[in-house]
$ cat work.pdb   # PDB, C-alpha atoms
ATOM      1  CA  MET A   1     -42.351   3.830  -2.995
ATOM      2  CA  ARG A   2     -39.097   5.788  -3.180
ATOM      3  CA  LYS A   3     -35.676   4.188  -3.462
ATOM      4  CA  ASN A   4     -32.812   5.620  -1.490
ATOM      5  CA  TYR A   5     -30.258   6.194  -4.247
ATOM      6  CA  GLY A   6     -27.943   8.121  -1.918
ATOM      7  CA  ARG A   7     -27.358   5.054   0.216
ATOM      8  CA  ALA A   8     -26.639   2.867  -2.823
ATOM      9  CA  ARG A   9     -24.207   5.470  -4.161
ATOM     10  CA  SER A  10     -22.498   5.644  -0.774
ATOM     11  CA  ARG A  11     -22.062   1.847  -0.639
ATOM     12  CA  ARG A  12     -20.735   1.881  -4.189
ATOM     13  CA  GLY A  13     -18.264   4.633  -3.298
ATOM     14  CA  THR A  14     -17.074   2.675  -0.277
ATOM     15  CA  SER A  15     -16.707  -0.487  -2.357
ATOM     16  CA  ARG A  16     -14.839   1.452  -5.044
ATOM     17  CA  ALA A  17     -12.466   2.925  -2.482
ATOM     18  CA  LEU A  18     -11.777  -0.307  -0.608
ATOM     19  CA  GLY A  19     -11.540  -2.405  -3.769
ATOM     20  CA  SER A  20      -9.063  -0.050  -5.365
ATOM     21  CA  GLY A  21      -7.084   0.059  -2.125
ATOM     22  CA  VAL A  22      -6.795  -3.716  -2.015
ATOM     23  CA  ALA A  23      -5.691  -3.776  -5.666
ATOM     24  CA  GLY A  24      -2.978  -1.200  -4.998
ATOM     25  CA  ALA A  25      -1.747  -3.023  -1.900
ATOM     26  CA  LEU A  26      -1.619  -6.358  -3.717
ATOM     27  CA  VAL A  27       0.397  -4.910  -6.596
ATOM     28  CA  LEU A  28       2.834  -3.193  -4.229
ATOM     29  CA  THR A  29       3.274  -6.278  -2.062
ATOM     30  CA  GLY A  30       3.635  -8.536  -5.105
ATOM     31  CA  LEU A  31       6.374  -6.310  -6.503
ATOM     32  CA  HIS A  32       8.221  -6.214  -3.178
ATOM     33  CA  GLU A  33       7.983  -9.957  -2.639
ATOM     34  CA  ALA A  34       9.039 -10.895  -6.182
ATOM     35  CA  ALA A  35      11.909  -8.426  -6.215
ATOM     36  CA  ARG A  36      13.339  -9.414  -2.848
ATOM     37  CA  ARG A  37      13.707 -12.946  -4.197
ATOM     38  CA  LEU A  38      15.190 -11.869  -7.545
ATOM     39  CA  LEU A  39      17.206  -8.658  -7.112
ATOM     40  CA  PRO A  40      20.318  -8.266  -4.955
ATOM     41  CA  HIS A  41      19.546  -4.633  -4.074
ATOM     42  CA  ALA A  42      15.770  -4.813  -3.848
ATOM     43  CA  PRO A  43      13.986  -2.520  -1.411
ATOM     44  CA  ARG A  44      13.385  -4.488   1.776
ATOM     45  CA  MET A  45      10.280  -2.864   3.164
ATOM     46  CA  ASP A  46       9.505  -6.211   4.795
ATOM     47  CA  VAL A  47      12.533  -5.722   7.081
ATOM     48  CA  ILE A  48      11.531  -2.132   7.832
ATOM     49  CA  GLY A  49       8.024  -3.391   8.655
ATOM     50  CA  GLU A  50       9.383  -6.124  10.921
ATOM     51  CA  ARG A  51      11.487  -3.571  12.788
ATOM     52  CA  ALA A  52       8.470  -1.275  13.174
ATOM     53  CA  LEU A  53       6.233  -4.080  14.454
ATOM     54  CA  SER A  54       8.856  -5.451  16.850
ATOM     55  CA  ARG A  55       9.678  -2.037  18.277
ATOM     56  CA  SER A  56       6.010  -1.100  18.615
ATOM     57  CA  LEU A  57       5.216  -4.295  20.486
ATOM     58  CA  HIS A  58       8.288  -3.836  22.682
ATOM     59  CA  ALA A  59       7.159  -0.286  23.547
ATOM     60  CA  LEU A  60       3.816  -1.755  24.622
ATOM     61  CA  GLY A  61       5.575  -4.308  26.822
ATOM     62  CA  ARG A  62       4.659  -7.183  24.512
ATOM     63  CA  ARG A  63       6.904  -9.842  23.073
ATOM     64  CA  SER A  64       7.371  -9.773  19.323
ATOM     65  CA  PRO A  65       6.897 -12.910  17.232
ATOM     66  CA  ARG A  66      10.025 -14.224  15.528
ATOM     67  CA  GLY A  67      10.950 -15.694  12.189
ATOM     68  CA  GLY A  68       8.088 -16.737   9.959
ATOM     69  CA  ARG A  69       5.450 -15.556  12.411
ATOM     70  CA  LEU A  70       6.966 -12.063  12.478
ATOM     71  CA  PHE A  71       7.100 -12.021   8.674
ATOM     72  CA  ALA A  72       3.459 -13.179   8.386
ATOM     73  CA  ALA A  73       2.247 -10.622  10.943
ATOM     74  CA  THR A  74       4.153  -7.861   9.174
ATOM     75  CA  LEU A  75       2.855  -8.918   5.760
ATOM     76  CA  ALA A  76      -0.725  -8.918   7.047
ATOM     77  CA  GLY A  77      -0.229  -5.481   8.607
ATOM     78  CA  GLU A  78       1.282  -4.108   5.404
ATOM     79  CA  LEU A  79      -1.569  -5.444   3.272
ATOM     80  CA  PHE A  80      -4.137  -3.981   5.651
ATOM     81  CA  SER A  81      -2.523  -0.569   6.086
ATOM     82  CA  ASN A  82      -1.594  -0.198   2.405
ATOM     83  CA  SER A  83      -5.155  -1.171   1.414
ATOM     84  CA  LEU A  84      -6.507   1.598   3.617
ATOM     85  CA  TYR A  85      -3.919   4.058   2.321
ATOM     86  CA  TYR A  86      -4.545   3.291  -1.360
ATOM     87  CA  SER A  87      -8.310   3.436  -0.785
ATOM     88  CA  MET A  88      -7.911   7.206  -0.943
ATOM     89  CA  VAL A  89      -7.422   6.728  -4.692
ATOM     90  CA  GLY A  90     -10.855   5.143  -5.064
ATOM     91  CA  ALA A  91     -12.373   7.876  -2.920
ATOM     92  CA  ALA A  92     -11.227  10.523  -5.407
ATOM     93  CA  SER A  93     -13.622  11.841  -8.013
ATOM     94  CA  ARG A  94     -13.774   9.876 -11.247
ATOM     95  CA  SER A  95     -12.130  12.676 -13.185
ATOM     96  CA  ARG A  96      -9.156  12.729 -10.795
ATOM     97  CA  THR A  97      -8.661   9.005 -10.151
ATOM     98  CA  VAL A  98      -5.474   8.570 -12.183
ATOM     99  CA  GLN A  99      -3.993  11.815 -10.892
ATOM    100  CA  ALA A 100      -4.811  10.763  -7.318
ATOM    101  CA  GLY A 101      -3.232   7.343  -7.864
ATOM    102  CA  LEU A 102      -0.053   8.885  -9.209
ATOM    103  CA  LEU A 103       0.275  11.469  -6.436
ATOM    104  CA  ILE A 104      -0.685   9.122  -3.607
ATOM    105  CA  GLY A 105       1.746   6.484  -4.900
ATOM    106  CA  LEU A 106       4.577   8.988  -5.282
ATOM    107  CA  ALA A 107       3.969  10.360  -1.783
ATOM    108  CA  ALA A 108       4.073   6.868  -0.303
ATOM    109  CA  GLY A 109       7.252   6.005  -2.183
ATOM    110  CA  VAL A 110       9.081   9.153  -1.147
ATOM    111  CA  GLY A 111       7.906   8.624   2.428
ATOM    112  CA  ALA A 112       9.083   5.004   2.379
ATOM    113  CA  VAL A 113      12.538   6.171   1.296
ATOM    114  CA  LEU A 114      12.915   9.164   3.615
ATOM    115  CA  LEU A 115      11.039   8.307   6.807
ATOM    116  CA  PRO A 116      12.509   5.011   8.132
ATOM    117  CA  PRO A 117      15.938   6.464   8.990
ATOM    118  CA  LEU A 118      14.321   9.574  10.483
ATOM    119  CA  ILE A 119      12.074   7.569  12.829
ATOM    120  CA  GLY A 120      14.779   5.162  13.948
ATOM    121  CA  LEU A 121      14.033   2.186  11.695
ATOM    122  CA  GLY A 122      17.318   2.420   9.785
ATOM    123  CA  LYS A 123      17.955   1.853   6.115
ATOM    124  CA  SER A 124      16.677  -1.006   4.040
ATOM    125  CA  PRO A 125      19.227  -3.857   4.147
ATOM    126  CA  GLY A 126      21.139  -4.286   0.906
ATOM    127  CA  SER A 127      20.101  -0.868  -0.298
ATOM    128  CA  LYS A 128      22.239   0.661  -2.981
ATOM    129  CA  ALA A 129      21.776   4.281  -3.997
ATOM    130  CA  PRO A 130      20.270   5.348  -6.334
ATOM    131  CA  LEU A 131      18.764   2.023  -7.490
ATOM    132  CA  THR A 132      16.995   0.948  -4.298
ATOM    133  CA  PRO A 133      15.299   4.297  -3.543
ATOM    134  CA  LEU A 134      14.199   4.624  -7.170
ATOM    135  CA  LEU A 135      12.695   1.134  -7.132
ATOM    136  CA  THR A 136      10.915   1.933  -3.869
ATOM    137  CA  VAL A 137       9.315   5.065  -5.306
ATOM    138  CA  ALA A 138       8.476   3.244  -8.549
ATOM    139  CA  TRP A 139       6.728   0.364  -6.761
ATOM    140  CA  TYR A 140       4.651   2.550  -4.480
ATOM    141  CA  THR A 141       3.699   4.596  -7.528
ATOM    142  CA  ALA A 142       2.756   1.378  -9.345
ATOM    143  CA  GLY A 143       0.505   0.541  -6.385
ATOM    144  CA  GLY A 144      -1.191   3.938  -6.693
ATOM    145  CA  LEU A 145      -1.689   3.516 -10.431
ATOM    146  CA  ALA A 146      -3.030  -0.026  -9.915
ATOM    147  CA  ALA A 147      -5.519   1.393  -7.414
ATOM    148  CA  ALA A 148      -6.545   3.981 -10.017
ATOM    149  CA  ALA A 149      -6.945   1.305 -12.703
ATOM    150  CA  ALA A 150      -9.085  -0.815 -10.382
ATOM    151  CA  ALA A 151     -11.272   2.178  -9.518
ATOM    152  CA  ARG A 152     -11.727   2.982 -13.204
ATOM    153  CA  LEU A 153     -12.660  -0.646 -13.925
ATOM    154  CA  MET A 154     -15.255  -0.496 -11.147
ATOM    155  CA  ASP A 155     -16.647   2.676 -12.708
ATOM    156  CA  ASP A 156     -17.188   0.758 -15.958
ATOM    157  CA  GLU A 157     -19.053  -2.166 -14.321
ATOM    158  CA  PRO A 158     -22.771  -2.371 -15.038
ATOM    159  CA  GLN A 159     -24.962  -1.257 -12.150
ATOM    160  CA  LEU A 160     -27.017  -3.887 -10.332
ATOM    161  CA  ALA A 161     -30.224  -2.456  -8.954
TER
END

$ encode --input "work.pdb" --output "C-alpha cells"
Amino acid sequence: MRKNYGRARSRRGTSRALGSGVAGALVLTGLHEAARRLLPHAPRMDVIGERALSRSLHALGRRSPRGGRLFAATLAGELFSNSLYYSMVGAASRSRTVQAGLLIGLAAGVGAVLLPPLIGLGKSPGSKAPLTPLLTVAWYTAGGLAAAAAARLMDDEPQLA
C-alpha cells in the first residue's frame, strides 16, 4: 500500500499559505484599528475601504450599508482580501519566506499610499505627510513579516501522519 505524499504536501502548502495570510491580515488590521483610536494622524485605510465598497456597490446599482454595518462589511472584506494577499508569503519557498514577506508587505504599503488618490478614492482623512504614509508602509510591511513568521512557525511544527 502506497501513501500519496504529494497530496499531503500540497495540503500542507495550502495550509501554510492560508495560515500565514490570516496572520498577516490580523496583524495589519490590529495595527490599523489600534492606531486609529490612539493617533491623531493614523492611516485611515478603513475610510478608504468604505469608500471603495460604497462606490463599487453604487456602480452595481446596489445600495451601500451605512454606519456600523458599512464598517463591519469593510472590515470583513479587508480581512478576507488581505489574508489572500498575504498568503503569497506562505506560498514562497522556505528559504525565501522572510524575503517574500518583506517585499510583499512593502509593495502593499506603497500601493496603499499611492493608489487611492489615483483611482478616485481620495486621501486618507487626517493624513499628515510624511508620518501617515510612513506608518502605512510600515504596517503593511509588518503584516508581511508577520505572515513570514507564521509560515516559519508552521515549518517547525511536527508532522502528523

$ atom_distance --input "work.pdb" --atom1 "atom CA of Ala148 of chain A" --atom2 "atom CA of Arg37 of chain A"
27.0 Å

$ resolve_selection --input "work.pdb" --expression "the PyMOL selection byres ((chain A and resi 94) around 12)" --output "list in words"
Gly13, Arg16, Ala17, Val89, Gly90, Ala91, Ala92, Ser93, Ser95, Arg96, Thr97, Val98, Gln99, Ala100, Gly101, Ala148, Ala149, Ala150, Ala151, Arg152, Leu153, Met154, Asp155 and Asp156 of chain A

$ residues_around --input "work.pdb" --residues "Leu121 of chain A" --least-positions-apart "6" --cutoff "9 Å" --atoms "all atoms listed in the file" --output "JSON, numbers by chain"
{"A": [48, 49, 51, 52, 55, 115]}

$ write_last_selection --input "work.pdb" --atoms "C-alpha atoms" --output "mmCIF file, in the coordinates of the input"
data_model
loop_
_atom_site.group_PDB
_atom_site.id
_atom_site.type_symbol
_atom_site.label_atom_id
_atom_site.label_comp_id
_atom_site.auth_asym_id
_atom_site.auth_seq_id
_atom_site.Cartn_x
_atom_site.Cartn_y
_atom_site.Cartn_z
ATOM 1 C CA ILE A 48 11.531 -2.132 7.832
ATOM 2 C CA GLY A 49 8.024 -3.391 8.655
ATOM 3 C CA ARG A 51 11.487 -3.571 12.788
ATOM 4 C CA ALA A 52 8.470 -1.275 13.174
ATOM 5 C CA ARG A 55 9.678 -2.037 18.277
ATOM 6 C CA LEU A 115 11.039 8.307 6.807
#

$ closest_residue --input "work.pdb" --among "A:Leu38, A:Ser20, A:Leu106, A:Thr14" --to "Ala138 of chain A" --atoms "only C-alpha atoms"
A:Leu106

$ closest_residue --input "work.pdb" --among "A:Leu53, A:Thr74, A:Val27, A:Leu103" --to "Ala142 of chain A" --atoms "all atoms listed in the file"
A:Val27

$ resolve_selection --input "work.pdb" --expression "the PyMOL selection byres ((chain A and resi 116) around 12)" --output "PDB file with C-alpha atoms, keeping the file's coordinate frame"
ATOM      1  CA  ARG A  44      13.385  -4.488   1.776  1.00  0.00           C
ATOM      2  CA  MET A  45      10.280  -2.864   3.164  1.00  0.00           C
ATOM      3  CA  VAL A  47      12.533  -5.722   7.081  1.00  0.00           C
ATOM      4  CA  ILE A  48      11.531  -2.132   7.832  1.00  0.00           C
ATOM      5  CA  GLY A  49       8.024  -3.391   8.655  1.00  0.00           C
ATOM      6  CA  GLU A  50       9.383  -6.124  10.921  1.00  0.00           C
ATOM      7  CA  ARG A  51      11.487  -3.571  12.788  1.00  0.00           C
ATOM      8  CA  ALA A  52       8.470  -1.275  13.174  1.00  0.00           C
ATOM      9  CA  GLY A 109       7.252   6.005  -2.183  1.00  0.00           C
ATOM     10  CA  VAL A 110       9.081   9.153  -1.147  1.00  0.00           C
ATOM     11  CA  GLY A 111       7.906   8.624   2.428  1.00  0.00           C
ATOM     12  CA  ALA A 112       9.083   5.004   2.379  1.00  0.00           C
ATOM     13  CA  VAL A 113      12.538   6.171   1.296  1.00  0.00           C
ATOM     14  CA  LEU A 114      12.915   9.164   3.615  1.00  0.00           C
ATOM     15  CA  LEU A 115      11.039   8.307   6.807  1.00  0.00           C
ATOM     16  CA  PRO A 117      15.938   6.464   8.990  1.00  0.00           C
ATOM     17  CA  LEU A 118      14.321   9.574  10.483  1.00  0.00           C
ATOM     18  CA  ILE A 119      12.074   7.569  12.829  1.00  0.00           C
ATOM     19  CA  GLY A 120      14.779   5.162  13.948  1.00  0.00           C
ATOM     20  CA  LEU A 121      14.033   2.186  11.695  1.00  0.00           C
ATOM     21  CA  GLY A 122      17.318   2.420   9.785  1.00  0.00           C
ATOM     22  CA  LYS A 123      17.955   1.853   6.115  1.00  0.00           C
ATOM     23  CA  SER A 124      16.677  -1.006   4.040  1.00  0.00           C
ATOM     24  CA  PRO A 125      19.227  -3.857   4.147  1.00  0.00           C
TER      25      PRO A 125
END

$ atom_distance --input "work.pdb" --atom1 "atom CA of Leu135 of chain A" --atom2 "atom CA of Arg69 of chain A"
26.7 Å

$ atom_distance --input "work.pdb" --atom1 "atom CA of Leu145 of chain A" --atom2 "atom CA of Ala129 of chain A"
24.3 Å

$ residues_around --input "work.pdb" --residues "Ala42 of chain A" --least-positions-apart "3" --cutoff "7 Å" --atoms "all atoms listed in the file" --output "list in words"
Ala35, Arg36, Leu39, Ser127 and Thr132 of chain A

$ closest_residue --input "work.pdb" --among "A:Leu102, A:Ala34, A:Ala72, A:Val22" --to "Val137 of chain A" --atoms "all atoms listed in the file"
A:Leu102

$ resolve_selection --input "work.pdb" --expression "the PyMOL selection byres ((chain A and resi 29) around 9)" --output "number ranges by chain"
A: 24-28, 30-34, 75, 78-79, 82, 139, 143

$ residues_around --input "work.pdb" --residues "Ser64 of chain A" --least-positions-apart "5" --cutoff "7 Å" --atoms "all atoms listed in the file" --output "PDB file with C-alpha atoms, in the coordinates of the input"
ATOM      1  CA  SER A  54       8.856  -5.451  16.850  1.00  0.00           C
ATOM      2  CA  LEU A  57       5.216  -4.295  20.486  1.00  0.00           C
ATOM      3  CA  HIS A  58       8.288  -3.836  22.682  1.00  0.00           C
TER       4      HIS A  58
END
